[in-house]
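Shown below: entry.txt, with compact mmCIF, C-alpha atoms.
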```
# COMPACT_ATOMS: atom_id res chain seq x y z
CA MET I 1448 35.69 26.51 43.23
CA PRO I 1449 36.20 23.87 40.53
CA HIS I 1450 39.51 23.99 38.70
CA PRO I 1451 40.54 22.36 35.43
CA ALA I 1452 41.51 18.77 36.26
CA GLU I 1453 44.36 16.79 34.78
CA PRO I 1454 42.89 15.06 31.70
CA GLY I 1455 40.66 12.23 32.71
CA SER I 1456 41.53 12.22 36.39
CA ASP I 1457 38.14 13.44 37.55
CA ARG I 1458 36.04 12.10 34.75
CA TYR I 1459 35.06 8.84 36.38
CA HIS I 1460 33.86 7.90 39.81
CA ARG I 1461 35.39 4.68 41.06
CA GLY I 1462 32.69 2.31 39.89
CA ASN I 1463 32.18 4.20 36.67
CA LEU I 1464 35.79 3.87 35.60
CA ARG I 1465 35.74 0.14 36.27
CA GLN I 1466 32.64 -0.17 34.12
CA ALA I 1467 34.09 2.08 31.41
CA ILE I 1468 37.27 -0.01 31.29
CA LEU I 1469 35.24 -3.18 30.77
CA GLU I 1470 33.10 -1.62 28.06
CA THR I 1471 36.10 -0.25 26.20
CA ALA I 1472 37.96 -3.54 26.54
CA ARG I 1473 34.96 -5.33 25.10
CA SER I 1474 34.83 -3.07 22.04
CA LEU I 1475 38.55 -3.53 21.51
CA LEU I 1476 38.13 -7.30 21.85
CA GLU I 1477 35.55 -7.33 19.08
CA GLU I 1478 37.68 -5.11 16.85
CA ALA I 1479 41.02 -6.83 17.24
CA GLY I 1480 40.43 -10.23 18.88
CA PRO I 1481 41.80 -11.43 22.21
CA GLY I 1482 45.39 -10.91 21.06
CA GLY I 1483 44.67 -7.22 20.45
CA LEU I 1484 43.67 -6.40 24.05
CA SER I 1485 46.06 -3.83 25.48
CA LEU I 1486 45.83 -1.86 28.70
CA ARG I 1487 47.67 1.06 27.12
CA GLU I 1488 45.09 1.23 24.31
CA ILE I 1489 42.18 0.97 26.74
CA ALA I 1490 43.62 3.83 28.83
CA ARG I 1491 44.22 5.88 25.68
CA ARG I 1492 40.62 5.47 24.52
CA LEU I 1493 39.30 6.49 27.92
CA ASP I 1494 41.79 9.35 28.15
CA VAL I 1495 42.98 8.20 31.58
CA SER I 1496 46.45 7.21 32.73
CA ALA I 1497 47.48 3.54 32.81
CA PRO I 1498 48.00 3.69 36.62
CA SER I 1499 44.42 4.80 37.19
CA ALA I 1500 43.30 1.80 35.13
CA TYR I 1501 45.60 -0.46 37.17
CA HIS I 1502 43.86 0.84 40.25
CA HIS I 1503 40.81 -1.20 39.19
CA PHE I 1504 42.45 -4.22 37.57
CA ALA I 1505 45.82 -5.58 38.61
CA SER I 1506 46.63 -6.67 35.08
CA LEU I 1507 45.31 -7.00 31.57
CA ASP I 1508 44.58 -10.66 32.35
CA ALA I 1509 42.33 -9.56 35.21
CA ILE I 1510 40.30 -7.49 32.73
CA ALA I 1511 40.14 -10.47 30.38
CA VAL I 1512 38.87 -12.75 33.15
CA ALA I 1513 36.20 -10.19 34.11
CA LEU I 1514 35.08 -10.03 30.46
CA ALA I 1515 34.96 -13.83 30.23
CA GLU I 1516 32.80 -13.88 33.35
CA GLN I 1517 30.39 -11.37 31.76
CA GLY I 1518 30.33 -13.56 28.68
CA PHE I 1519 29.45 -16.76 30.53
CA ASP I 1520 26.73 -14.94 32.47
CA GLU I 1521 25.17 -13.65 29.25
CA LEU I 1522 25.47 -17.03 27.52
CA THR I 1523 23.84 -18.81 30.45
CA GLU I 1524 20.98 -16.30 30.42
CA ARG I 1525 20.40 -16.90 26.73
CA LEU I 1526 20.45 -20.67 27.14
CA LYS I 1527 18.00 -20.55 30.02
CA ALA I 1528 15.63 -18.36 28.04
CA ALA I 1529 15.80 -20.73 25.07
CA THR I 1530 15.35 -24.00 26.93
CA GLY I 1531 12.78 -22.82 29.44
CA ASN I 1532 9.93 -22.66 27.00
CA LEU I 1533 10.50 -25.67 24.85
CA ASP I 1534 10.77 -28.81 26.88
CA GLY I 1535 12.34 -31.72 25.08
CA ARG I 1536 13.72 -29.92 22.02
CA LEU I 1537 17.41 -29.19 21.82
CA GLY I 1538 17.41 -27.09 18.66
CA PRO I 1539 16.49 -23.73 20.24
CA ALA I 1540 19.22 -23.98 22.88
CA GLY I 1541 21.80 -24.90 20.23
CA ALA I 1542 20.69 -22.02 18.03
CA ALA I 1543 20.81 -19.60 20.99
CA TYR I 1544 24.33 -20.76 21.83
CA ILE I 1545 25.58 -20.23 18.30
CA SER I 1546 23.84 -16.90 17.92
CA PHE I 1547 25.55 -15.66 21.09
CA ALA I 1548 28.96 -16.67 19.70
CA ARG I 1549 28.29 -15.04 16.34
CA ALA I 1550 27.16 -11.79 17.96
CA ASN I 1551 30.27 -11.69 20.21
CA PRO I 1552 33.07 -13.45 18.30
CA GLY I 1553 36.00 -11.85 20.12
CA LEU I 1554 34.41 -12.44 23.52
CA TYR I 1555 33.54 -16.02 22.62
CA ARG I 1556 37.13 -16.79 21.65
CA LEU I 1557 38.35 -15.22 24.89
CA MET I 1558 35.88 -17.37 26.86
CA PHE I 1559 37.63 -20.41 25.45
CA GLY I 1560 41.06 -19.33 26.49
CA GLU I 1561 42.34 -17.49 23.42
CA GLY I 1562 44.79 -14.80 24.39
CA PHE I 1563 45.76 -16.42 27.68
CA GLN I 1564 49.00 -18.31 28.16
CA MET I 1565 47.90 -21.94 27.96
CA ILE I 1566 49.12 -22.78 31.44
CA SER I 1567 48.25 -19.83 33.67
CA LYS I 1568 46.16 -19.12 36.73
CA LYS I 1569 43.94 -16.80 34.73
CA ASN I 1570 43.34 -19.46 32.14
CA LEU I 1571 42.40 -21.85 34.95
CA ALA I 1572 39.93 -19.27 36.27
CA VAL I 1573 38.30 -19.09 32.85
CA ARG I 1574 38.28 -22.86 32.62
CA SER I 1575 36.31 -23.09 35.83
CA LEU I 1576 33.75 -20.65 34.41
CA ARG I 1577 33.41 -22.98 31.41
CA GLN I 1578 32.89 -25.94 33.71
CA ARG I 1579 29.99 -24.11 35.32
CA ALA I 1580 28.36 -23.46 31.94
CA TYR I 1581 28.86 -27.11 31.05
CA ALA I 1582 27.18 -28.20 34.27
CA THR I 1583 24.11 -26.15 33.30
CA LEU I 1584 23.95 -27.91 29.95
CA SER I 1585 24.32 -31.35 31.53
CA GLU I 1586 21.62 -30.53 34.07
CA ASP I 1587 19.25 -29.80 31.25
CA LEU I 1588 20.04 -33.09 29.50
CA ARG I 1589 19.56 -35.01 32.71
CA LYS I 1590 15.85 -34.14 32.48
CA ARG I 1591 15.62 -35.77 29.07
CA LEU I 1592 17.98 -38.72 29.05
CA PRO I 1593 18.73 -41.78 31.16
CA GLU I 1594 21.73 -41.08 33.41
CA PRO I 1595 24.33 -43.29 31.66
CA ASP I 1596 23.76 -41.36 28.41
CA VAL I 1597 24.08 -37.86 29.88
CA SER I 1598 27.83 -37.31 29.88
CA THR I 1599 28.38 -38.53 26.32
CA ALA I 1600 25.35 -36.62 25.05
CA ALA I 1601 26.52 -33.43 26.76
CA LEU I 1602 30.00 -33.71 25.27
CA PHE I 1603 28.56 -34.51 21.85
CA LEU I 1604 26.26 -31.48 21.89
CA TRP I 1605 28.80 -29.08 23.32
CA SER I 1606 31.39 -30.19 20.77
CA LEU I 1607 28.92 -29.69 17.95
CA VAL I 1608 27.75 -26.20 18.88
CA HIS I 1609 31.25 -25.08 19.90
CA GLY I 1610 32.76 -26.30 16.64
CA LEU I 1611 29.97 -24.86 14.51
CA ALA I 1612 30.09 -21.51 16.30
CA LEU I 1613 33.83 -21.22 15.74
CA LEU I 1614 33.70 -22.28 12.09
CA MET I 1615 31.02 -19.65 11.48
CA ILE I 1616 32.98 -16.96 13.33
CA ASP I 1617 36.02 -17.88 11.25
CA GLY I 1618 34.04 -17.46 8.04
CA GLN I 1619 34.36 -21.11 7.04
CA LEU I 1620 30.76 -21.38 5.95
CA ASP I 1621 29.87 -21.44 2.28
CA ALA I 1622 29.16 -17.75 1.61
CA ALA I 1623 26.11 -18.63 -0.49
CA ALA I 1624 24.40 -20.53 2.32
CA ASP I 1625 21.93 -18.88 4.67
CA PRO I 1626 23.50 -19.16 8.14
CA ASN I 1627 20.29 -19.84 10.03
CA THR I 1628 19.19 -22.54 7.61
CA MET I 1629 22.60 -24.22 7.91
CA ILE I 1630 22.50 -24.06 11.72
CA ASP I 1631 19.04 -25.56 11.70
CA LYS I 1632 20.01 -28.40 9.38
CA VAL I 1633 23.18 -29.23 11.31
CA LEU I 1634 21.36 -29.25 14.65
CA ARG I 1635 18.71 -31.52 13.20
CA LEU I 1636 21.44 -34.06 12.38
CA ALA I 1637 22.29 -34.09 16.09
CA GLY I 1638 18.91 -35.73 16.63
CA THR I 1639 18.87 -38.13 13.69
CA GLY I 1640 22.55 -38.89 13.03
CA LEU I 1641 24.14 -38.72 9.61
CA PRO I 1642 22.02 -39.80 6.69
CA ARG I 1643 22.98 -43.18 5.28
CA ARG I 1644 23.87 -44.17 1.80
CA PRO I 1645 20.62 -45.16 0.11
CA ALA I 1646 20.16 -48.93 -0.09
CA THR I 1647 21.23 -50.34 -3.46
CA MET P 1401 92.31 -20.36 7.48
CA PRO P 1402 89.05 -20.52 9.46
CA HIS P 1403 88.48 -17.79 12.00
CA PRO P 1404 85.98 -17.64 14.86
CA ALA P 1405 82.66 -16.52 13.39
CA GLU P 1406 80.24 -14.10 14.96
CA PRO P 1407 77.89 -16.26 17.08
CA GLY P 1408 75.51 -18.13 14.85
CA SER P 1409 76.36 -16.35 11.62
CA ASP P 1410 77.96 -19.41 10.01
CA ARG P 1411 76.05 -22.09 11.79
CA TYR P 1412 73.31 -22.55 9.22
CA HIS P 1413 73.24 -22.86 5.47
CA ARG P 1414 70.37 -20.98 3.90
CA GLY P 1415 67.91 -23.86 3.78
CA ASN P 1416 68.99 -25.16 7.15
CA LEU P 1417 68.30 -21.91 8.91
CA ARG P 1418 64.84 -21.70 7.38
CA GLN P 1419 64.13 -25.22 8.59
CA ALA P 1420 65.63 -24.52 12.02
CA ILE P 1421 63.46 -21.41 12.40
CA LEU P 1422 60.32 -23.43 11.66
CA GLU P 1423 61.26 -26.20 14.06
CA THR P 1424 62.05 -23.76 16.85
CA ALA P 1425 58.87 -21.79 16.19
CA ARG P 1426 56.90 -24.99 16.39
CA SER P 1427 58.37 -25.92 19.78
CA LEU P 1428 57.66 -22.43 21.05
CA LEU P 1429 54.10 -22.67 19.74
CA GLU P 1430 53.51 -25.85 21.73
CA GLU P 1431 55.05 -24.35 24.85
CA ALA P 1432 53.34 -20.99 24.86
CA GLY P 1433 50.46 -21.09 22.37
CA PRO P 1434 50.05 -18.92 19.26
CA GLY P 1435 50.15 -15.73 21.35
CA GLY P 1436 53.61 -16.66 22.64
CA LEU P 1437 55.30 -16.79 19.22
CA SER P 1438 58.06 -14.19 19.06
CA LEU P 1439 60.76 -13.69 16.46
CA ARG P 1440 63.13 -12.38 19.08
CA GLU P 1441 62.72 -15.54 21.14
CA ILE P 1442 63.16 -17.77 18.10
CA ALA P 1443 66.37 -15.95 17.15
CA ARG P 1444 67.58 -16.17 20.75
CA ARG P 1445 67.05 -19.93 20.89
CA LEU P 1446 68.89 -20.42 17.60
CA ASP P 1447 71.61 -18.02 18.67
CA VAL P 1448 71.28 -16.00 15.46
CA SER P 1449 70.47 -12.33 14.96
CA ALA P 1450 66.90 -11.23 14.25
CA PRO P 1451 67.94 -9.81 10.83
CA SER P 1452 69.26 -13.18 9.69
CA ALA P 1453 65.91 -14.70 10.67
CA TYR P 1454 64.11 -11.91 8.76
CA HIS P 1455 66.17 -12.90 5.74
CA HIS P 1456 64.05 -16.06 5.51
CA PHE P 1457 60.68 -14.79 6.71
CA ALA P 1458 59.49 -11.22 6.22
CA SER P 1459 57.56 -11.26 9.48
CA LEU P 1460 56.44 -13.38 12.39
CA ASP P 1461 53.11 -13.81 10.60
CA ALA P 1462 54.94 -15.34 7.63
CA ILE P 1463 56.43 -17.94 9.97
CA ALA P 1464 52.98 -18.59 11.42
CA VAL P 1465 51.47 -19.12 7.97
CA ALA P 1466 54.29 -21.54 7.05
CA LEU P 1467 53.61 -23.50 10.24
CA ALA P 1468 49.88 -23.59 9.52
CA GLU P 1469 50.65 -24.93 6.05
CA GLN P 1470 52.79 -27.71 7.56
CA GLY P 1471 49.95 -28.47 9.94
CA PHE P 1472 47.31 -28.80 7.22
CA ASP P 1473 49.64 -31.03 5.19
CA GLU P 1474 50.18 -33.33 8.15
CA LEU P 1475 46.49 -33.38 9.04
CA THR P 1476 45.49 -34.22 5.47
CA GLU P 1477 48.02 -37.07 5.41
CA ARG P 1478 46.57 -38.51 8.59
CA LEU P 1479 43.01 -38.25 7.32
CA LYS P 1480 43.90 -39.95 4.05
CA ALA P 1481 45.65 -42.78 5.89
CA ALA P 1482 42.62 -43.25 8.16
CA THR P 1483 39.91 -43.18 5.50
CA GLY P 1484 41.78 -45.11 2.82
CA ASN P 1485 41.45 -48.44 4.54
CA LEU P 1486 37.99 -48.35 5.95
CA ASP P 1487 35.44 -47.51 3.32
CA GLY P 1488 32.12 -46.40 4.69
CA ARG P 1489 33.08 -45.79 8.31
CA LEU P 1490 33.62 -42.28 9.56
CA GLY P 1491 34.88 -43.10 13.02
CA PRO P 1492 38.55 -43.69 12.13
CA ALA P 1493 38.85 -40.39 10.23
CA GLY P 1494 37.25 -38.49 13.11
CA ALA P 1495 39.54 -40.18 15.62
CA ALA P 1496 42.58 -39.40 13.44
CA TYR P 1497 41.53 -35.74 13.22
CA ILE P 1498 41.16 -35.40 16.97
CA SER P 1499 44.37 -37.27 17.71
CA PHE P 1500 46.27 -34.86 15.42
CA ALA P 1501 44.83 -31.87 17.30
CA ARG P 1502 45.63 -33.37 20.70
CA ALA P 1503 49.21 -34.14 19.69
CA ASN P 1504 49.74 -30.58 18.36
CA PRO P 1505 47.47 -28.28 20.38
CA GLY P 1506 49.37 -25.05 19.75
CA LEU P 1507 49.66 -25.76 16.05
CA TYR P 1508 46.01 -26.74 15.81
CA ARG P 1509 44.89 -23.47 17.39
CA LEU P 1510 47.14 -21.55 15.02
CA MET P 1511 45.63 -23.41 12.05
CA PHE P 1512 42.27 -21.99 13.06
CA GLY P 1513 43.44 -18.43 13.19
CA GLU P 1514 44.44 -17.96 16.81
CA GLY P 1515 47.19 -15.41 17.15
CA PHE P 1516 46.39 -13.63 13.88
CA GLN P 1517 44.55 -10.33 13.78
CA MET P 1518 41.01 -11.36 12.82
CA ILE P 1519 41.00 -9.31 9.64
CA SER P 1520 44.41 -9.72 8.03
CA LYS P 1521 45.90 -11.03 4.81
CA LYS P 1522 47.75 -13.72 6.72
CA ASN P 1523 44.58 -14.84 8.39
CA LEU P 1524 42.96 -15.05 4.96
CA ALA P 1525 45.88 -17.18 3.73
CA VAL P 1526 45.31 -19.59 6.60
CA ARG P 1527 41.59 -19.58 5.90
CA SER P 1528 42.20 -20.72 2.35
CA LEU P 1529 44.32 -23.61 3.67
CA ARG P 1530 41.36 -24.59 5.84
CA GLN P 1531 39.05 -24.48 2.84
CA ARG P 1532 41.31 -26.96 1.09
CA ALA P 1533 41.21 -29.36 4.05
CA TYR P 1534 37.42 -29.01 4.11
CA ALA P 1535 37.19 -29.85 0.41
CA THR P 1536 39.06 -33.11 1.10
CA LEU P 1537 36.55 -34.02 3.79
CA SER P 1538 33.58 -33.19 1.55
CA GLU P 1539 35.07 -35.23 -1.30
CA ASP P 1540 35.18 -38.22 0.96
CA LEU P 1541 31.55 -37.79 2.02
CA ARG P 1542 30.48 -37.46 -1.59
CA LYS P 1543 31.37 -41.14 -2.05
CA ARG P 1544 28.99 -42.13 0.71
CA LEU P 1545 26.04 -39.77 0.59
CA PRO P 1546 23.57 -38.44 -1.96
CA GLU P 1547 24.69 -35.01 -3.19
CA PRO P 1548 22.03 -32.86 -1.45
CA ASP P 1549 23.14 -34.23 1.94
CA VAL P 1550 26.86 -33.65 1.47
CA SER P 1551 27.28 -30.03 2.50
CA THR P 1552 25.22 -30.31 5.69
CA ALA P 1553 26.88 -33.60 6.61
CA ALA P 1554 30.35 -32.12 6.05
CA LEU P 1555 29.60 -29.10 8.22
CA PHE P 1556 28.05 -31.31 10.90
CA LEU P 1557 31.07 -33.61 11.03
CA TRP P 1558 33.65 -30.86 10.87
CA SER P 1559 31.87 -28.92 13.64
CA LEU P 1560 31.76 -32.01 15.81
CA VAL P 1561 35.43 -33.01 15.48
CA HIS P 1562 36.63 -29.40 15.64
CA GLY P 1563 34.63 -28.69 18.77
CA LEU P 1564 35.60 -31.95 20.46
CA ALA P 1565 39.28 -31.47 19.59
CA LEU P 1566 39.28 -27.98 21.10
CA LEU P 1567 37.38 -28.97 24.24
CA MET P 1568 39.89 -31.77 24.81
CA ILE P 1569 42.87 -29.50 24.18
CA ASP P 1570 41.38 -27.03 26.64
CA GLY P 1571 41.11 -29.73 29.29
CA GLN P 1572 37.31 -29.59 29.44
CA LEU P 1573 36.91 -33.33 29.55
CA ASP P 1574 36.02 -35.07 32.80
CA ALA P 1575 39.45 -36.01 34.14
CA ALA P 1576 38.21 -39.44 35.17
CA ALA P 1577 37.09 -40.38 31.65
CA ASP P 1578 39.35 -42.25 29.24
CA PRO P 1579 39.84 -39.89 26.28
CA ASN P 1580 39.74 -42.54 23.57
CA THR P 1581 36.58 -44.11 24.94
CA MET P 1582 34.90 -40.68 25.05
CA ILE P 1583 35.97 -39.87 21.48
CA ASP P 1584 34.66 -43.20 20.32
CA LYS P 1585 31.29 -42.74 22.07
CA VAL P 1586 30.83 -39.19 20.80
CA LEU P 1587 31.68 -40.15 17.23
CA ARG P 1588 29.22 -43.01 17.41
CA LEU P 1589 26.45 -40.50 18.23
CA ALA P 1590 27.28 -38.79 14.93
CA GLY P 1591 25.95 -41.89 13.22
CA THR P 1592 22.93 -42.57 15.39
CA GLY P 1593 21.91 -39.16 16.71
CA LEU P 1594 21.19 -38.42 20.36
CA PRO P 1595 19.51 -41.15 22.36
CA ARG P 1596 15.86 -40.48 23.12
CA ARG P 1597 14.05 -40.42 26.38
CA PRO P 1598 12.76 -43.95 26.98
CA ALA P 1599 9.05 -44.30 26.20
CA THR P 1600 6.91 -44.02 29.31
```

Could you spell out this file's structure in structure tokens?
Amino acid sequence: MPHPAEPGSDRYHRGNLRQAILETARSLLEEAGPGGLSLREIARRLDVSAPSAYHHFASLDAIAVALAEQGFDELTERLKAATGNLDGRLGPAGAAYISFARANPGLYRLMFGEGFQMISKKNLAVRSLRQRAYATLSEDLRKRLPEPDVSTAALFLWSLVHGLALLMIDGQLDAAADPNTMIDKVLRLAGTGLPRRPAT
Amino acid sequence: MPHPAEPGSDRYHRGNLRQAILETARSLLEEAGPGGLSLREIARRLDVSAPSAYHHFASLDAIAVALAEQGFDELTERLKAATGNLDGRLGPAGAAYISFARANPGLYRLMFGEGFQMISKKNLAVRSLRQRAYATLSEDLRKRLPEPDVSTAALFLWSLVHGLALLMIDGQLDAAADPNTMIDKVLRLAGTGLPRRPAT
């Protein structure tokens, strides 16, 4: 005969609690940023004890790495969907990248190491996820550009979309400007270079 | 007749302690990143009590804002020195920007809001410092470009140097590449745009 359980102890099957921890952590990340992640707060929101959360993740950093992994998977999916259809144009992939970052600002910052100690194993794990995403981008450029240009072009593009994404997340954009128009204009400059002073 | 003071209580004059707190906070920032700033650790390193540190700064966030202000002052100085001599070329200013970020990675991340709660008064204070730095950059472009191009060009350039600076700080660059050569090549693409696939 069922009896009243200790709060939360029976609420989740093993896999379900793992999933619930990740979902709750992700909400918290978007509310408070990477610095606001806390295992105690995650456990409180799920109404489970901290030890039962530790059963699934050895540390808060382990949760953060799992979230970063989710993030890179989702970003890669979006980039593939954007580039697959439009051979030879970089704009759609750039716009997809930035739109992912704007929709998931806390996650995006985490994916670039915010909230980790700068020199840590977990940060290195996240760095290797980034390297994989970068390899995907370079692979795509390799189809369009002669080999000696690929590495510079990849770094140029990644810098541009990464910087723009972060400036937008940080609210640096002129509030009067339409974000999508600005993104489009900036990405177009990636193809043409800066305009020049008109000849006098 | 002098008597042995409580540890640290007499060591600093008012202004000196303020300065010493900032210097120690800045070292800590470079060691541990914005998330590693801690008033307790700063006080410990200076061998003073936390209350005497609080006498100069109401909170850890107040120290962080003061550091960000220092950072933007130093960055602006470097940009002015780089652009002053070389009218019409953007490369030196971009290289100066990135070299500042690489020399002060913890500070640079702090200047862009890392370590602050995303929605906070202190974060807004730092954002307004950023806006000032951005205005300096736009002012400089206004001398080179027709007015309708200025805002897009400023956002394009800022995105590029911000993104490249962060990717380099994060160690994303190919370890075999010479950093200054890469910076130079990427900044050159800002002027020319991406290379195109050779005509077939």

**Prompt:** Taking only C-alpha atoms into account, what are the residues of chain I at most 6 Å from chain P, put as a ChimeraX atom specification?
**Reply:** /I:1591-1592,1603,1606-1607,1609-1611,1633,1637-1641,1644

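Put simply, CA of Ala1497 in chain I is 12.0 Å away from CA of Leu1464 in chain I.
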
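With CA of Ala1482 in chain P on one side and CA of Phe1500 in chain P on the other, the separation reads 11.7 Å.
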
**Fill in**
Students should find that CA of Tyr1555 in chain I and CA of Ala1509 in chain I are spaced 16.7 Å

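Shortest separation to Phe1472 in chain P among P:Ala1575, P:Leu1529, P:Leu1428, P:Ala1496 occurs at residue P:Leu1529, atoms counted being only C-alpha atoms.
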